[in-house]
Amino acid sequence: NAGVTQTPKFQVLKTGQSMTLQCAQDMNHEYMSWYRQDPGMGLRLIHYSVGAGITDQGEVPNGYNVSRSTTEDFPLRLLSAAPSQTSVYFCASNLLGRENEQYFGPGTRLTVT
Amino acid sequence: GNSVTQMEGPVTLSEEAFLTINCTYTATGYPSLFWYVQYPGEGLQLLLKATKADDKGSNKGFEATYRKETTSFHLEKGSVQVSDSAVYFCALTPNTNAGKSTFGDGTTLTVKP
């Protein structure tokens with residue numbers, strides 16, 4: 001199992017550009033989530049999905065879109081990047097049920113200039 | 001809403017010292033509680049978990065007990081090693097929505113030889 005994979009590992013964007021962060025998991029997990037990690041602020045939930053075709057907003061959804069067409073993939077789209085979106089982004093997946101831990105990808109470090 | 005509060009860091013200890021990192025939470029119902037560890041340049045990985053009151057999670061010499069009466073889940077280790085240097089996150093997953101986990105801000109631990 002590859003677990004949770006994310007691409008790219010690093011990305012630099014100019015303000016106003018768009019891009020998609022890719023996330024895939026091969027563990028057949030129902031749940032998938034996107035977080036951003038900023039210094040001193042822990043992880044903040046952006047969007048999450050409880051299965052193919054079902055997504056919902058987290059704590060900080062503005063400026064980000066998601067969709068989930070398959071169980072395996074959960075891309076995160078930035079439609080018009082802003083410097084405030086400079087961060088490290090983590091994708092995670094877990095099985096159904098509150099007792100199940102999340103499995104995290106290695107992260108994407110995004111810089112918006 | 002749900003929240004997780006961790007003791008402020010960073011924490012610096014000498015090898016073989018005793019470690020405590022405090023974590024308290026606010027949540028309705030019966031959340032599951034987790035400690036994750038993040039090594040430099042990596043994603044988070046599960047350290048230990050507890051899913052109901054009075055449960056003790058343990059792994060690699062680390063322990064934490066789910067205390068519902070004090071809404072706490074403090075992380076302890078009797079003798080830390082240099083290899084324990086990392087960032088530690090306390091997190092909860094509510095019983096009402098396993099997709100909406102909440103993380104603390106993280107505590108950076110540095111262990112000196």
# chains A, B, ... in the order shown; residues from 1 in each chain; ligands from 1
$ select_by_dssp --residues "chain A" --states "strand (DSSP E or B)" --output "ChimeraX atom specification"
/A:4-7,10-13,19-25,31-37,43-51,54-57,64-66,73,76-78,87-94,103-104,108-112
$ interface_residues --of "chain B" --to "chain A" --cutoff "8 Å" --atoms "only C-alpha atoms" --output "mmCIF file with C-alpha atoms, in the first residue's frame"
data_model
loop_
_atom_site.group_PDB
_atom_site.id
_atom_site.type_symbol
_atom_site.label_atom_id
_atom_site.label_comp_id
_atom_site.auth_asym_id
_atom_site.auth_seq_id
_atom_site.Cartn_x
_atom_site.Cartn_y
_atom_site.Cartn_z
ATOM 1 C CA PRO B 31 -15.387 12.063 21.250
ATOM 2 C CA SER B 32 -12.405 9.861 20.544
ATOM 3 C CA PHE B 34 -5.752 11.071 19.715
ATOM 4 C CA GLY B 41 9.302 17.464 6.790
ATOM 5 C CA GLU B 42 6.706 14.720 7.245
ATOM 6 C CA GLY B 43 2.985 14.341 7.688
ATOM 7 C CA LEU B 44 1.359 13.485 10.993
ATOM 8 C CA GLN B 45 1.235 9.908 12.207
ATOM 9 C CA LEU B 46 -0.775 8.361 14.981
ATOM 10 C CA LYS B 49 -5.570 6.933 20.933
ATOM 11 C CA ALA B 50 -8.404 6.357 23.399
ATOM 12 C CA THR B 51 -12.036 6.015 22.450
ATOM 13 C CA PHE B 89 -0.652 17.228 18.330
ATOM 14 C CA THR B 93 -13.017 13.220 16.595
ATOM 15 C CA PRO B 94 -16.627 13.789 17.641
ATOM 16 C CA ASN B 95 -19.072 10.916 17.798
ATOM 17 C CA ASN B 97 -19.265 13.455 12.675
ATOM 18 C CA ALA B 98 -16.107 11.414 12.123
ATOM 19 C CA GLY B 99 -15.141 13.718 9.276
ATOM 20 C CA LYS B 100 -14.678 16.825 11.421
ATOM 21 C CA SER B 101 -11.659 16.260 13.615
ATOM 22 C CA THR B 102 -10.265 19.144 15.653
ATOM 23 C CA PHE B 103 -6.549 19.553 16.362
ATOM 24 C CA GLY B 104 -4.623 21.469 18.989
ATOM 25 C CA ASP B 105 -1.920 23.929 17.976
ATOM 26 C CA GLY B 106 0.892 21.426 18.489
#
$ residues_around --residues "segment 77-85 of chain B" --least-positions-apart "2" --cutoff "7 Å" --atoms "only C-alpha atoms" --output "ChimeraX atom specification"
/B:15-20,61-63,109-113
$ write_last_selection --atoms "all heavy atoms" --output "JSON list (two decimals), in the first residue's frame"
[["chain", "number", "residue", "atom", "x", "y", "z"],
["B", 15, "GLU", "N", 17.85, 14.34, 27.83],
["B", 15, "GLU", "CA", 17.58, 12.92, 27.64],
["B", 15, "GLU", "C", 17.31, 12.26, 28.99],
["B", 15, "GLU", "O", 17.93, 12.59, 30.01],
["B", 15, "GLU", "CB", 18.77, 12.25, 26.96],
["B", 15, "GLU", "CG", 18.44, 11.05, 26.12],
["B", 15, "GLU", "CD", 19.55, 10.64, 25.18],
["B", 15, "GLU", "OE1", 20.71, 11.02, 25.43],
["B", 15, "GLU", "OE2", 19.24, 9.97, 24.19],
["B", 16, "GLU", "N", 16.36, 11.34, 29.00],
["B", 16, "GLU", "CA", 15.92, 10.57, 30.17],
["B", 16, "GLU", "C", 15.03, 11.36, 31.12],
["B", 16, "GLU", "O", 14.61, 10.83, 32.15],
["B", 16, "GLU", "CB", 17.12, 9.97, 30.93],
["B", 16, "GLU", "CG", 17.94, 9.00, 30.08],
["B", 16, "GLU", "CD", 19.07, 8.34, 30.85],
["B", 16, "GLU", "OE1", 19.18, 8.60, 32.06],
["B", 16, "GLU", "OE2", 19.81, 7.56, 30.25],
["B", 17, "ALA", "N", 14.70, 12.59, 30.81],
["B", 17, "ALA", "CA", 13.78, 13.36, 31.64],
["B", 17, "ALA", "C", 12.35, 12.86, 31.44],
["B", 17, "ALA", "O", 12.04, 12.18, 30.46],
["B", 17, "ALA", "CB", 13.87, 14.85, 31.30],
["B", 18, "PHE", "N", 11.48, 13.25, 32.38],
["B", 18, "PHE", "CA", 10.06, 12.91, 32.32],
["B", 18, "PHE", "C", 9.33, 13.96, 31.50],
["B", 18, "PHE", "O", 9.57, 15.15, 31.64],
["B", 18, "PHE", "CB", 9.47, 12.84, 33.73],
["B", 18, "PHE", "CG", 8.04, 12.40, 33.77],
["B", 18, "PHE", "CD1", 7.72, 11.06, 33.79],
["B", 18, "PHE", "CD2", 7.01, 13.34, 33.79],
["B", 18, "PHE", "CE1", 6.39, 10.64, 33.83],
["B", 18, "PHE", "CE2", 5.68, 12.94, 33.83],
["B", 18, "PHE", "CZ", 5.38, 11.59, 33.85],
["B", 19, "LEU", "N", 8.44, 13.48, 30.65],
["B", 19, "LEU", "CA", 7.69, 14.38, 29.78],
["B", 19, "LEU", "C", 6.21, 14.38, 30.12],
["B", 19, "LEU", "O", 5.61, 13.32, 30.30],
["B", 19, "LEU", "CB", 7.84, 13.94, 28.31],
["B", 19, "LEU", "CG", 6.91, 14.61, 27.30],
["B", 19, "LEU", "CD1", 7.30, 16.07, 27.10],
["B", 19, "LEU", "CD2", 6.91, 13.86, 25.98],
["B", 20, "THR", "N", 5.63, 15.57, 30.20],
["B", 20, "THR", "CA", 4.18, 15.74, 30.23],
["B", 20, "THR", "C", 3.82, 16.85, 29.26],
["B", 20, "THR", "O", 4.41, 17.94, 29.32],
["B", 20, "THR", "CB", 3.66, 16.13, 31.62],
["B", 20, "THR", "OG1", 3.98, 15.12, 32.55],
["B", 20, "THR", "CG2", 2.14, 16.29, 31.58],
["B", 61, "GLY", "N", 6.33, 3.75, 24.69],
["B", 61, "GLY", "CA", 6.65, 4.34, 25.98],
["B", 61, "GLY", "C", 5.81, 5.56, 26.34],
["B", 61, "GLY", "O", 5.85, 6.04, 27.47],
["B", 62, "PHE", "N", 5.03, 6.06, 25.39],
["B", 62, "PHE", "CA", 4.13, 7.18, 25.64],
["B", 62, "PHE", "C", 2.78, 6.63, 26.15],
["B", 62, "PHE", "O", 2.35, 5.56, 25.73],
["B", 62, "PHE", "CB", 3.88, 7.98, 24.37],
["B", 62, "PHE", "CG", 5.06, 8.76, 23.88],
["B", 62, "PHE", "CD1", 5.97, 8.19, 23.01],
["B", 62, "PHE", "CD2", 5.25, 10.07, 24.28],
["B", 62, "PHE", "CE1", 7.06, 8.90, 22.54],
["B", 62, "PHE", "CE2", 6.34, 10.80, 23.82],
["B", 62, "PHE", "CZ", 7.24, 10.21, 22.96],
["B", 63, "GLU", "N", 2.14, 7.41, 27.03],
["B", 63, "GLU", "CA", 0.83, 7.03, 27.54],
["B", 63, "GLU", "C", -0.05, 8.27, 27.66],
["B", 63, "GLU", "O", 0.46, 9.39, 27.89],
["B", 63, "GLU", "CB", 0.94, 6.41, 28.95],
["B", 63, "GLU", "CG", 1.63, 5.09, 29.00],
["B", 63, "GLU", "CD", 1.63, 4.52, 30.42],
["B", 63, "GLU", "OE1", 1.41, 5.29, 31.38],
["B", 63, "GLU", "OE2", 1.83, 3.31, 30.56],
["B", 109, "LEU", "N", 8.68, 19.53, 20.86],
["B", 109, "LEU", "CA", 9.55, 18.94, 21.88],
["B", 109, "LEU", "C", 10.96, 18.80, 21.31],
["B", 109, "LEU", "O", 11.14, 18.22, 20.23],
["B", 109, "LEU", "CB", 9.04, 17.57, 22.31],
["B", 109, "LEU", "CG", 9.98, 16.75, 23.20],
["B", 109, "LEU", "CD1", 10.15, 17.42, 24.55],
["B", 109, "LEU", "CD2", 9.46, 15.32, 23.35],
["B", 110, "THR", "N", 11.93, 19.32, 22.04],
["B", 110, "THR", "CA", 13.34, 19.12, 21.70],
["B", 110, "THR", "C", 14.00, 18.42, 22.87],
["B", 110, "THR", "O", 13.90, 18.88, 24.01],
["B", 110, "THR", "CB", 14.05, 20.45, 21.43],
["B", 110, "THR", "OG1", 13.38, 21.13, 20.36],
["B", 110, "THR", "CG2", 15.51, 20.21, 21.05],
["B", 111, "VAL", "N", 14.65, 17.30, 22.59],
["B", 111, "VAL", "CA", 15.35, 16.55, 23.62],
["B", 111, "VAL", "C", 16.85, 16.65, 23.35],
["B", 111, "VAL", "O", 17.32, 16.32, 22.26],
["B", 111, "VAL", "CB", 14.93, 15.07, 23.64],
["B", 111, "VAL", "CG1", 15.68, 14.33, 24.74],
["B", 111, "VAL", "CG2", 13.42, 14.96, 23.86],
["B", 112, "LYS", "N", 17.59, 17.13, 24.34],
["B", 112, "LYS", "CA", 19.03, 17.33, 24.19],
["B", 112, "LYS", "C", 19.79, 16.19, 24.86],
["B", 112, "LYS", "O", 19.39, 15.73, 25.93],
["B", 112, "LYS", "CB", 19.43, 18.67, 24.78],
["B", 112, "LYS", "CG", 18.76, 19.85, 24.08],
["B", 112, "LYS", "CD", 19.39, 21.18, 24.44],
["B", 112, "LYS", "CE", 18.84, 22.26, 23.53],
["B", 112, "LYS", "NZ", 19.41, 23.58, 23.82],
["B", 113, "PRO", "N", 20.90, 15.77, 24.22],
["B", 113, "PRO", "CA", 21.69, 14.66, 24.80],
["B", 113, "PRO", "C", 22.32, 15.06, 26.13],
["B", 113, "PRO", "O", 22.57, 16.23, 26.40],
["B", 113, "PRO", "CB", 22.77, 14.38, 23.76],
["B", 113, "PRO", "CG", 22.48, 15.24, 22.60],
["B", 113, "PRO", "CD", 21.43, 16.24, 22.96]]
$ closest_residue --among "A:His29, A:Gln22, A:Gly16, A:Ala82" --to "Ser67 of chain A" --atoms "only C-alpha atoms"
A:Gln22
$ closest_residue --among "B:Thr24, B:Thr65, B:Ser58, B:Gln38" --to "Asn2 of chain B" --atoms "only C-alpha atoms"
B:Thr24
$ closest_residue --among "A:Thr113, A:Gln6, A:Ser18, A:Gln11" --to "Arg77 of chain A" --atoms "only C-alpha atoms"
A:Ser18
$ atom_distance --atom1 "atom CA of Ser80 of chain A" --atom2 "atom CA of Thr5 of chain A"
24.1 Å
$ decode --residues "segment 25-63 of chain A" --atoms "N, CA and C atoms" --output "tab-separated table (two decimals), in the first residue's frame"
chain	number	residue	atom	x	y	z
A	25	GLN	N	-5.64	7.97	-2.12
A	25	GLN	CA	-5.39	6.94	-1.11
A	25	GLN	C	-5.83	5.58	-1.67
A	26	ASP	N	-5.11	4.55	-1.24
A	26	ASP	CA	-5.38	3.20	-1.76
A	26	ASP	C	-5.84	2.26	-0.66
A	27	MET	N	-6.42	2.80	0.39
A	27	MET	CA	-6.83	2.00	1.54
A	27	MET	C	-8.35	1.81	1.60
A	28	ASN	N	-9.04	2.29	0.58
A	28	ASN	CA	-10.49	2.17	0.51
A	28	ASN	C	-11.19	2.87	1.69
A	29	HIS	N	-10.60	3.99	2.12
A	29	HIS	CA	-11.19	4.75	3.23
A	29	HIS	C	-12.38	5.57	2.74
A	30	GLU	N	-13.42	5.63	3.59
A	30	GLU	CA	-14.58	6.42	3.22
A	30	GLU	C	-14.31	7.92	3.34
A	31	TYR	N	-13.63	8.32	4.44
A	31	TYR	CA	-13.42	9.73	4.70
A	31	TYR	C	-12.11	10.22	4.12
A	32	MET	N	-12.15	11.43	3.57
A	32	MET	CA	-10.93	12.13	3.18
A	32	MET	C	-11.07	13.60	3.56
A	33	SER	N	-9.94	14.21	3.92
A	33	SER	CA	-9.96	15.58	4.44
A	33	SER	C	-8.76	16.35	3.93
A	34	TRP	N	-8.93	17.67	3.85
A	34	TRP	CA	-7.83	18.57	3.57
A	34	TRP	C	-7.65	19.53	4.74
A	35	TYR	N	-6.38	19.69	5.16
A	35	TYR	CA	-6.02	20.61	6.23
A	35	TYR	C	-4.94	21.55	5.72
A	36	ARG	N	-4.88	22.72	6.36
A	36	ARG	CA	-3.72	23.57	6.18
A	36	ARG	C	-3.03	23.75	7.53
A	37	GLN	N	-1.70	23.80	7.47
A	37	GLN	CA	-0.92	23.94	8.70
A	37	GLN	C	-0.12	25.23	8.62
A	38	ASP	N	-0.39	26.11	9.53
A	38	ASP	CA	0.32	27.38	9.62
A	38	ASP	C	1.01	27.46	10.97
A	39	PRO	N	2.16	28.14	11.04
A	39	PRO	CA	2.92	28.20	12.29
A	39	PRO	C	2.06	28.66	13.46
A	40	GLY	N	2.11	27.90	14.55
A	40	GLY	CA	1.39	28.28	15.77
A	40	GLY	C	-0.11	28.10	15.71
A	41	MET	N	-0.62	27.53	14.61
A	41	MET	CA	-2.08	27.42	14.48
A	41	MET	C	-2.55	25.99	14.29
A	42	GLY	N	-1.67	25.05	14.46
A	42	GLY	CA	-2.08	23.66	14.34
A	42	GLY	C	-2.58	23.35	12.94
A	43	LEU	N	-3.48	22.38	12.86
A	43	LEU	CA	-4.10	22.02	11.58
A	43	LEU	C	-5.53	22.54	11.57
A	44	ARG	N	-5.89	23.17	10.48
A	44	ARG	CA	-7.26	23.66	10.34
A	44	ARG	C	-7.91	22.97	9.15
A	45	LEU	N	-9.12	22.47	9.37
A	45	LEU	CA	-9.83	21.69	8.37
A	45	LEU	C	-10.40	22.62	7.29
A	46	ILE	N	-10.12	22.30	6.04
A	46	ILE	CA	-10.59	23.11	4.92
A	46	ILE	C	-11.90	22.53	4.37
A	47	HIS	N	-11.85	21.31	3.88
A	47	HIS	CA	-13.00	20.58	3.38
A	47	HIS	C	-12.82	19.11	3.72
A	48	TYR	N	-13.92	18.39	3.75
A	48	TYR	CA	-13.82	16.96	3.95
A	48	TYR	C	-14.91	16.26	3.15
A	49	SER	N	-14.75	14.94	3.01
A	49	SER	CA	-15.69	14.15	2.23
A	49	SER	C	-15.95	12.84	2.97
A	50	VAL	N	-17.23	12.43	2.98
A	50	VAL	CA	-17.59	11.19	3.65
A	50	VAL	C	-17.83	10.06	2.65
A	51	GLY	N	-17.58	10.34	1.38
A	51	GLY	CA	-17.71	9.32	0.36
A	51	GLY	C	-17.79	9.97	-1.00
A	52	ALA	N	-17.71	9.16	-2.05
A	52	ALA	CA	-17.76	9.69	-3.41
A	52	ALA	C	-19.04	10.49	-3.61
A	53	GLY	N	-18.89	11.70	-4.13
A	53	GLY	CA	-20.02	12.57	-4.41
A	53	GLY	C	-20.51	13.39	-3.24
A	54	ILE	N	-19.89	13.24	-2.07
A	54	ILE	CA	-20.35	13.95	-0.87
A	54	ILE	C	-19.19	14.72	-0.26
A	55	THR	N	-19.32	16.05	-0.20
A	55	THR	CA	-18.29	16.88	0.43
A	55	THR	C	-18.96	17.88	1.35
A	56	ASP	N	-18.18	18.43	2.26
A	56	ASP	CA	-18.71	19.43	3.18
A	56	ASP	C	-17.57	20.36	3.60
A	57	GLN	N	-17.96	21.53	4.10
A	57	GLN	CA	-16.98	22.53	4.49
A	57	GLN	C	-16.45	22.28	5.88
A	58	GLY	N	-15.20	22.66	6.06
A	58	GLY	CA	-14.59	22.63	7.38
A	58	GLY	C	-14.53	24.02	7.97
A	59	GLU	N	-13.47	24.29	8.69
A	59	GLU	CA	-13.33	25.54	9.44
A	59	GLU	C	-12.95	26.72	8.54
A	60	VAL	N	-12.11	26.45	7.51
A	60	VAL	CA	-11.59	27.54	6.67
A	60	VAL	C	-11.77	27.23	5.19
A	61	PRO	N	-13.01	27.17	4.66
A	61	PRO	CA	-13.23	26.73	3.29
A	61	PRO	C	-13.07	27.79	2.21
A	62	ASN	N	-13.08	29.07	2.61
A	62	ASN	CA	-13.11	30.13	1.59
A	62	ASN	C	-11.85	30.13	0.74
A	63	GLY	N	-12.06	30.20	-0.59
A	63	GLY	CA	-10.95	30.23	-1.54
A	63	GLY	C	-10.55	28.86	-2.05
